[in-house]
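Coordinates as given in input-v2.txt (compact mmCIF, C-alpha atoms and all ligand atoms):
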```
# COMPACT_ATOMS: atom_id res chain seq x y z
CA MET L 1 -32.55 10.36 36.92
CA GLN L 2 -30.71 7.37 38.33
CA SER L 3 -27.47 8.32 39.93
CA ILE L 4 -25.85 4.93 39.39
CA GLU L 5 -27.06 2.37 36.91
CA LEU L 6 -25.34 -0.95 36.24
CA VAL L 7 -26.58 -3.18 33.42
CA GLU L 8 -25.30 -6.75 33.17
CA ILE L 9 -21.87 -6.01 34.57
CA SER L 10 -19.49 -8.99 34.43
CA LYS L 11 -15.98 -9.33 35.73
CA SER L 12 -13.59 -12.26 35.86
CA PHE L 13 -10.03 -12.59 37.11
CA GLY L 14 -7.33 -14.84 35.69
CA LEU L 15 -6.96 -16.37 32.25
CA GLY L 16 -8.24 -19.49 30.48
CA ASN L 17 -9.03 -22.45 32.70
CA GLY L 18 -7.80 -20.56 35.75
CA SER L 19 -10.29 -17.73 35.30
CA THR L 20 -13.10 -17.13 37.78
CA ASN L 21 -16.28 -15.20 37.10
CA VAL L 22 -16.46 -12.92 40.09
CA LEU L 23 -19.40 -10.78 38.91
CA LYS L 24 -22.06 -12.42 36.79
CA GLU L 25 -24.24 -9.99 34.84
CA ILE L 26 -25.04 -7.73 37.75
CA SER L 27 -27.78 -5.18 37.14
CA LEU L 28 -28.40 -2.58 39.79
CA SER L 29 -29.86 0.93 40.01
CA VAL L 30 -29.04 3.23 42.86
CA PRO L 31 -31.05 6.47 42.81
CA ARG L 32 -29.31 9.66 43.90
CA GLY L 33 -29.46 10.03 47.67
CA GLU L 34 -30.06 6.37 48.49
CA PHE L 35 -28.32 4.57 51.37
CA LEU L 36 -27.69 1.09 49.98
CA VAL L 37 -26.18 -1.74 51.99
CA ILE L 38 -24.45 -4.69 50.35
CA MET L 39 -24.16 -7.91 52.33
CA GLY L 40 -23.04 -11.43 51.45
CA PRO L 41 -20.44 -14.04 52.30
CA SER L 42 -16.70 -13.51 51.92
CA GLY L 43 -15.59 -13.87 48.31
CA SER L 44 -19.05 -13.20 46.87
CA GLY L 45 -17.77 -10.17 44.91
CA LYS L 46 -18.79 -7.20 47.09
CA SER L 47 -15.44 -5.38 46.98
CA THR L 48 -15.06 -6.11 43.27
CA LEU L 49 -18.46 -4.53 42.64
CA LEU L 50 -17.57 -1.53 44.80
CA ASN L 51 -14.27 -1.10 42.90
CA ILE L 52 -16.14 -0.98 39.62
CA ILE L 53 -18.65 1.55 40.96
CA GLY L 54 -15.71 3.56 42.34
CA LEU L 55 -14.06 3.50 38.89
CA LEU L 56 -10.99 1.73 40.22
CA ASP L 57 -11.58 -1.29 38.06
CA THR L 58 -13.07 -1.91 34.61
CA PRO L 59 -15.73 -4.54 33.96
CA ASP L 60 -15.27 -7.09 31.17
CA ASP L 61 -18.77 -6.47 29.95
CA GLY L 62 -21.87 -4.40 30.68
CA VAL L 63 -22.79 -0.77 31.11
CA TYR L 64 -22.16 1.53 34.06
CA LYS L 65 -23.97 4.85 33.82
CA LEU L 66 -23.23 7.62 36.26
CA ASP L 67 -25.88 10.32 35.93
CA GLY L 68 -26.77 8.94 32.53
CA LYS L 69 -23.23 8.77 31.13
CA ASN L 70 -21.46 5.45 30.50
CA VAL L 71 -18.26 5.76 32.52
CA ALA L 72 -17.12 2.13 32.71
CA TYR L 73 -14.65 2.27 29.85
CA LEU L 74 -13.24 5.80 30.17
CA SER L 75 -9.46 6.27 30.12
CA ALA L 76 -7.71 6.05 33.48
CA ARG L 77 -7.24 9.83 33.50
CA LYS L 78 -10.88 10.56 32.84
CA LYS L 79 -11.96 8.01 35.41
CA ALA L 80 -9.71 9.68 37.99
CA LYS L 81 -11.33 13.02 37.22
CA VAL L 82 -14.87 11.68 37.60
CA ARG L 83 -13.79 9.99 40.82
CA ARG L 84 -12.23 13.01 42.47
CA ASN L 85 -15.25 15.17 41.70
CA ASN L 86 -17.93 12.73 42.76
CA ILE L 87 -16.77 9.73 44.73
CA GLY L 88 -15.20 9.12 48.13
CA ILE L 89 -14.01 5.61 48.90
CA ILE L 90 -13.38 4.03 52.27
CA PHE L 91 -11.34 0.94 51.46
CA GLN L 92 -11.48 -2.35 53.30
CA ASN L 93 -7.68 -2.20 53.79
CA PHE L 94 -7.41 1.59 54.34
CA ASN L 95 -4.95 2.28 51.44
CA LEU L 96 -3.22 5.15 53.25
CA ILE L 97 0.20 6.20 51.93
CA SER L 98 2.72 4.92 54.45
CA ARG L 99 5.36 7.66 54.11
CA MET L 100 2.84 10.50 54.54
CA ASN L 101 1.47 11.65 57.87
CA VAL L 102 -2.25 11.50 58.59
CA LEU L 103 -2.87 15.17 57.74
CA ASP L 104 -1.18 14.83 54.34
CA ASN L 105 -2.99 11.58 53.61
CA VAL L 106 -6.37 13.07 54.46
CA SER L 107 -5.81 16.32 52.54
CA LEU L 108 -4.44 14.55 49.44
CA PRO L 109 -7.75 14.42 47.48
CA LEU L 110 -7.91 18.22 47.79
CA LEU L 111 -4.42 18.60 46.31
CA TYR L 112 -5.72 16.92 43.14
CA LYS L 113 -8.54 19.45 43.14
CA ARG L 114 -5.96 22.27 43.40
CA VAL L 115 -7.19 23.61 46.72
CA SER L 116 -4.62 25.84 48.49
CA LEU L 117 -2.39 24.27 51.14
CA VAL L 118 -3.89 26.26 54.03
CA LYS L 119 -7.45 25.34 53.02
CA ARG L 120 -6.44 21.70 52.52
CA TYR L 121 -5.02 21.45 56.01
CA GLU L 122 -7.92 23.37 57.54
CA ARG L 123 -10.52 21.08 56.01
CA ALA L 124 -8.52 17.91 56.79
CA SER L 125 -8.00 19.02 60.40
CA GLU L 126 -11.67 19.82 60.81
CA ILE L 127 -12.74 16.37 59.67
CA LEU L 128 -10.07 14.62 61.77
CA LYS L 129 -11.38 16.53 64.76
CA TYR L 130 -14.91 15.45 63.96
CA LEU L 131 -13.77 11.83 63.88
CA GLY L 132 -11.81 12.21 67.12
CA ILE L 133 -8.24 11.69 65.88
CA GLN L 134 -7.01 15.24 65.41
CA GLU L 135 -4.18 14.65 67.89
CA LYS L 136 -2.74 12.04 65.48
CA GLU L 137 -2.42 14.50 62.57
CA TYR L 138 1.35 14.27 62.41
CA TYR L 139 1.62 10.52 62.95
CA LEU L 140 2.49 8.11 60.17
CA PRO L 141 -0.07 5.39 59.36
CA ASN L 142 2.10 2.65 60.92
CA GLN L 143 1.98 4.53 64.24
CA LEU L 144 -1.81 4.29 64.47
CA SER L 145 -4.08 1.59 65.85
CA GLY L 146 -6.46 -0.27 63.51
CA GLY L 147 -9.42 1.84 64.59
CA GLN L 148 -7.49 5.09 64.19
CA LEU L 149 -6.35 4.01 60.71
CA GLN L 150 -9.96 3.31 59.83
CA ARG L 151 -11.02 6.78 60.92
CA ALA L 152 -8.15 8.40 58.99
CA ALA L 153 -9.29 6.48 55.89
CA ILE L 154 -12.84 7.71 56.43
CA ALA L 155 -11.62 11.28 56.86
CA ARG L 156 -9.77 11.02 53.56
CA ALA L 157 -12.87 9.71 51.77
CA MET L 158 -15.00 12.53 53.16
CA VAL L 159 -12.61 15.44 52.75
CA ASN L 160 -13.74 16.52 49.26
CA ARG L 161 -17.43 16.29 50.21
CA PRO L 162 -18.24 13.66 47.57
CA SER L 163 -21.82 13.08 46.43
CA ILE L 164 -21.22 9.31 46.44
CA VAL L 165 -19.50 7.54 49.33
CA LEU L 166 -18.47 3.92 48.92
CA ALA L 167 -17.60 2.23 52.19
CA ASP L 168 -16.19 -1.27 52.40
CA GLU L 169 -16.68 -2.55 55.96
CA PRO L 170 -16.15 0.95 57.40
CA THR L 171 -16.51 -0.19 60.99
CA GLY L 172 -14.81 -3.56 60.68
CA ASN L 173 -11.99 -2.71 63.09
CA LEU L 174 -13.76 -0.35 65.42
CA ASP L 175 -15.08 -0.60 68.97
CA THR L 176 -18.77 0.16 69.55
CA LYS L 177 -18.20 3.84 70.36
CA SER L 178 -16.07 4.52 67.27
CA SER L 179 -18.47 2.49 65.11
CA LYS L 180 -21.33 4.70 66.23
CA LEU L 181 -19.27 7.78 65.40
CA VAL L 182 -18.53 6.50 61.91
CA MET L 183 -22.14 5.51 61.30
CA ALA L 184 -23.29 8.91 62.56
CA ALA L 185 -20.90 10.54 60.08
CA LEU L 186 -22.21 8.38 57.22
CA ARG L 187 -25.80 9.10 58.22
CA GLU L 188 -25.03 12.82 58.22
CA ILE L 189 -23.55 12.61 54.72
CA HIS L 190 -26.63 10.70 53.61
CA GLU L 191 -29.03 13.20 55.17
CA ALA L 192 -27.27 15.97 53.26
CA GLY L 193 -28.62 14.28 50.10
CA ASN L 194 -25.64 12.13 49.12
CA THR L 195 -25.55 8.52 48.00
CA ILE L 196 -23.97 5.91 50.28
CA ILE L 197 -23.12 2.37 49.30
CA MET L 198 -21.82 0.40 52.25
CA VAL L 199 -20.59 -3.18 52.42
CA THR L 200 -21.01 -4.82 55.80
CA HIS L 201 -21.25 -8.23 57.43
CA ASN L 202 -23.00 -6.73 60.43
CA PRO L 203 -26.84 -6.99 60.33
CA ASP L 204 -27.12 -4.28 62.99
CA LEU L 205 -25.46 -1.80 60.63
CA ALA L 206 -27.63 -2.88 57.71
CA ALA L 207 -30.52 -1.14 59.49
CA TYR L 208 -28.90 2.22 58.60
CA GLY L 209 -29.64 1.53 54.93
CA GLN L 210 -32.86 2.13 53.03
CA ARG L 211 -32.26 -0.97 50.94
CA VAL L 212 -30.14 -4.08 51.35
CA ILE L 213 -28.84 -6.27 48.56
CA LYS L 214 -27.39 -9.67 49.31
CA MET L 215 -24.70 -11.03 47.05
CA SER L 216 -23.85 -14.65 46.60
CA ASP L 217 -21.30 -16.08 44.20
CA GLY L 218 -21.15 -13.02 41.96
CA ARG L 219 -24.89 -12.44 41.73
CA ILE L 220 -27.47 -10.36 43.55
CA GLU L 221 -29.53 -12.95 45.38
CA GLU L 222 -31.92 -10.68 47.19
CA ASP L 223 -32.88 -7.06 46.98
CA VAL L 224 -34.89 -6.10 50.02
CA THR L 225 -36.50 -2.79 50.74
CA GLY L 226 -38.84 -1.11 53.18
CA ALA L 227 -41.01 -3.25 55.45
CA GLU L 228 -39.54 -6.51 54.18
CA MET L 229 -36.03 -5.39 55.04
CA LYS L 230 -37.00 -4.07 58.43
CA LYS L 231 -38.69 -7.39 59.28
CA ASP L 232 -35.66 -9.35 58.17
CA ILE L 233 -33.25 -7.09 60.02
CA VAL L 234 -35.35 -6.91 63.16
CA SER L 235 -35.36 -10.71 63.35
CA GLN L 236 -31.58 -10.78 62.80
CA GLN L 237 -31.15 -8.01 65.36
CA THR L 238 -33.25 -9.90 67.89
CA GLU L 239 -30.95 -12.86 67.36
CA SER L 240 -27.82 -10.76 67.75
CA SER L 241 -29.19 -8.85 70.74
CA LYS L 242 -30.06 -12.19 72.36
CA LEU L 243 -26.47 -13.22 71.75
CA ALA L 244 -25.19 -9.89 73.08
CA LYS L 245 -27.42 -10.24 76.17
CA ALA L 246 -26.15 -13.77 76.75
CA THR L 247 -22.58 -12.48 76.54
CA THR L 248 -23.34 -9.58 78.88
CA ASP L 249 -25.04 -11.93 81.32
CA LEU L 250 -21.98 -14.13 81.24
CA ASN L 251 -19.72 -11.13 81.83
CA ILE L 252 -21.86 -10.04 84.73
CA LYS L 253 -21.64 -13.49 86.24
CA PHE L 254 -17.91 -13.67 85.80
CA SER L 255 -17.16 -10.14 86.89
CA SER L 256 -19.78 -9.83 89.62
CA LYS L 257 -18.16 -8.80 92.84
CA LYS L 258 -19.30 -9.93 96.26
CA LYS L 259 -21.31 -7.34 98.12
CA PRO L 260 -18.97 -5.13 100.13
CA VAL L 261 -18.71 -6.39 103.70
CA LYS L 262 -20.12 -3.87 106.11
CA SER L 263 -18.09 -3.12 109.19
CA LYS L 264 -19.17 -4.77 112.48
CA ARG L 265 -20.06 -1.39 113.97
CA LYS L 266 -22.31 -0.52 110.99
CA LEU L 267 -24.02 -3.92 111.18
CA SER L 268 -24.78 -3.60 114.88
CA ARG L 269 -26.14 -0.07 114.30
CA ILE L 270 -28.50 -1.43 111.61
CA LYS L 271 -29.59 -4.32 113.88
CA ASN L 272 -30.32 -1.89 116.72
CA ARG L 273 -32.35 0.35 114.44
CA ARG L 274 -34.39 -2.64 113.16
CA SER L 275 -35.10 -4.02 116.64
CA SER L 276 -36.14 -0.57 117.95
CA LYS L 277 -38.54 -0.23 114.96
CA LYS L 278 -40.08 -3.65 115.76
CA ARG L 279 -40.51 -2.62 119.40
CA THR L 280 -42.27 0.64 118.49
CA SER L 281 -44.58 -1.11 115.99
CA LYS L 282 -45.54 -3.73 118.63
CA LYS L 283 -46.54 -0.94 120.99
N1 LIG L 301 -7.20 -8.97 41.62
C1 LIG L 301 -7.73 -10.19 41.76
N2 LIG L 301 -7.18 -11.24 41.10
C2 LIG L 301 -7.71 -12.47 41.18
N3 LIG L 301 -8.81 -12.77 41.91
C3 LIG L 301 -9.39 -11.77 42.57
C4 LIG L 301 -8.89 -10.42 42.55
N4 LIG L 301 -9.67 -9.64 43.31
C5 LIG L 301 -10.63 -10.46 43.81
N5 LIG L 301 -10.46 -11.72 43.37
C6 LIG L 301 -11.32 -12.88 43.70
O1 LIG L 301 -12.66 -12.50 43.47
C7 LIG L 301 -13.51 -13.06 44.45
C8 LIG L 301 -14.35 -11.95 45.08
O2 LIG L 301 -13.50 -11.09 45.82
P1 LIG L 301 -14.04 -9.82 46.59
O3 LIG L 301 -12.87 -9.16 47.18
O4 LIG L 301 -14.89 -9.03 45.68
O5 LIG L 301 -14.94 -10.55 47.70
P2 LIG L 301 -15.76 -9.90 48.91
O6 LIG L 301 -17.18 -10.28 48.72
O7 LIG L 301 -15.43 -8.46 49.02
O8 LIG L 301 -15.19 -10.72 50.15
P3 LIG L 301 -14.86 -10.20 51.66
O9 LIG L 301 -16.18 -10.20 52.39
O10 LIG L 301 -13.97 -11.28 52.17
O11 LIG L 301 -14.19 -8.89 51.59
C9 LIG L 301 -12.62 -13.77 45.43
O12 LIG L 301 -12.68 -15.15 45.17
C10 LIG L 301 -11.24 -13.25 45.15
O13 LIG L 301 -10.25 -14.22 45.36
MG MG L 302 -14.34 -7.34 50.40
```
When written as C-alpha cells, how does the structure in this file appear?
Ligand SMILES: Nc1ncnc2c1ncn2[C@@H]1O[C@H](COP(=O)(O)OP(=O)(O)OP(=O)(O)O)[C@@H](O)[C@H]1O
Ligand SMILES: [Mg+2]
Amino acid sequence: MQSIELVEISKSFGLGNGSTNVLKEISLSVPRGEFLVIMGPSGSGKSTLLNIIGLLDTPDDGVYKLDGKNVAYLSARKKAKVRRNNIGIIFQNFNLISRMNVLDNVSLPLLYKRVSLVKRYERASEILKYLGIQEKEYYLPNQLSGGQLQRAAIARAMVNRPSIVLADEPTGNLDTKSSKLVMAALREIHEAGNTIIMVTHNPDLAAYGQRVIKMSDGRIEEDVTGAEMKKDIVSQQTESSKLAKATTDLNIKFSSKKKPVKSKRKLSRIKNRRSSKKRTSKK
C-alpha cells in the first residue's frame, strides 16, 4: 500500500485576477519507508506542497490519500488528530512558541497525546541530548542561536516518533557539524522504517534520499531515482566539491603561516650534522 498518494492536487492563493496557481495538478506517490527529497527554485511551491502533505493546508482540488484514506478535506480537528499520530514537521521558520522554554516546546506534541508530564520531559530531554542542546532546555526560543533553534524544532518534530517526517530545509541554518548530526538523525529515523520527505536546496544533502523530485513553477519537472539520480548528484557534488576545494585552497593561501624560524643555535647544529655526514660519506 502507498503511504502517501497525491492525485492532481492544485492550490492557489489570492482571489480573482490576483490569484496565483502555486500547485498545478501535482500527482505523487510516496511508498511507506521512502526517503524522498524535493528540490527546486525558491517560490516553486515546495513548502506549500509539504504543508498539504502535513495536513496544515487544504488543497483546492485533488485527492490526498494517507494509507488509502482521503484526508485532504477532513475537519481541522480530525486533521490535527491524524497529524499528531503520524506526522512530524520540521518547519522552514521553526514555529516554536516564543513564551515557552525549549523543553516545553519540544514536549508539547506529547501533551496532545496525553502522555504524563514526567514521561514528556524525559523523552524531550533525551532527544535534546541526542541533538546536543540539552543544556538549553530552560532557555526561551529568542535566547537561542539559529542553529540551536533549528535543532529544537527538529527535536519537537521527532518527539512523538512519527512514521512520517516532513523537513523543510532542516539544515538551512546549521554549520557542517550540526548538519551532519541532523542528517544522521533523519537517516536513523528512515532506517527504522519511517517515511521522510525533505526539502533542500543543497545537492550534497539530496544524496541522502532514495528519490529526488524537482519542482518548478508548481509542477514536478523531474522525478529521478536510482542510478540516474546518483549520476546527476555525483556530477553536482563534483562541482560543489571543486568549489569547496577552491575555497579551501584560497583559505590555505590566505591563512598559511610562514614556517617557524629556527633559532640560530638549532640551525648551526643542523649544519654541523649535515657537514659531518658528508665527510663520513666521502670517506
Ligand atoms: N499564504 C500565502 N498567501 C499567498 N501566497 C502564498 C502563500 N504561501 C505561499 N504563497 C506563494 O506561493 C508561492 C510558493 O511558495 P512556497 O513557500 O511554497 O515556495 P518554496 O518553493 O517553498 O520557496 P522557498 O525555496 O523560497 O522556500 C510563492 O510565490 C509564494 O509567494
Ligand atoms: Mg519553502
Expected selection as an MDAnalysis selection string for ligand LIG 301 (chain L) within 10 Å, only C-alpha atoms and all ligand atoms:
chainID L and resid 11:15 18:23 38:51 57 92:93 168:169 199:201 215:218
Just the residues within 6 Å of range 136-150 of chain L, please, counting all atoms listed in the file, with nothing from its chain fewer than 4 positions along; format it as a PyMOL selection string.
chain L and resi 98+101-103+173-174
Interatomic distance, CA of Phe91 in chain L to CA of Val37 in chain L (Å, one decimal):
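Pair CA of Phe91 in chain L / CA of Val37 in chain L returns 15.1 Å.
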Which one of L:Arg156, L:Gly193, L:Ser27, L:Ile90 sits closest to ligand MG 302 (chain L) if you count all atoms listed in the file?
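For ligand MG 302 (chain L), the nearest of the candidates is L:Ile90.
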L:Ala157, L:Lys79, L:Lys214, L:Glu25: which is nearest Val63 in chain L, counting all atoms listed in the file?
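Looking only at the distances to Val63 in chain L, the closest residue turns out to be L:Glu25.
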Smallest atom-to-atom distance to Leu186 in chain L: which of L:Thr58, L:Arg77, L:Asp223, L:Leu36, using all atoms listed in the file?
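So, comparing all the options, the nearest one is L:Leu36.
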Closest of L:Asp104, L:Asp67, L:Asp175, L:Glu191 to Ala155 in chain L - atom-to-atom distances counting only C-alpha atoms:
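For Ala155 in chain L, the nearest of the candidates is L:Asp104.
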Which residue out of L:Ala192, L:Val182, L:Lys119, L:Phe35 has the minimum interatomic distance to Ala206 in chain L when all atoms listed in the file are used?
L:Phe35
List as a list in words: which residues have an atom within 9 Å of (-28.3, -8.1, 36.7), counting all atoms listed in the file?
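Checked against the point, the hits come out as Leu6, Val7, Glu8, Ile9, Lys24, Glu25, Ile26, Ser27, Leu28, Arg219 and Ile220 of chain L.
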Let me make sure I understand: among L:Val224, L:Ala72, L:Ala124, L:Ala167, which one has the smallest atom-to-atom distance to ligand MG 302 (chain L) if we use all atoms listed in the file?
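When distances to ligand MG 302 (chain L) are compared using all atoms listed in the file, the smallest one comes from L:Ala167.
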What lies within 12 Å of Ile87 in chain L using all atoms listed in the file, ignoring chain neighbours under 3 positions off, as a ChimeraX atom specification?
/L:3-4,50-56,66,79-84,90,109,156-167,194-197
With 6 Å of padding per side, what axis-aligned box (centre and edge lengths, Å, one decimal) covers all the listed atoms of range 42-45 of chain L? Give it as JSON.
```
{"center_x": -17.3, "center_y": -12.0, "center_z": 48.4, "size_x": 15.5, "size_y": 15.7, "size_z": 19.0}
```
By how many Å are CA of Arg151 in chain L and CA of Leu110 in chain L apart?
17.7 Å
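Straight-line separation from CA of Ser75 in chain L to CA of Leu111 in chain L: 21.0 Å.
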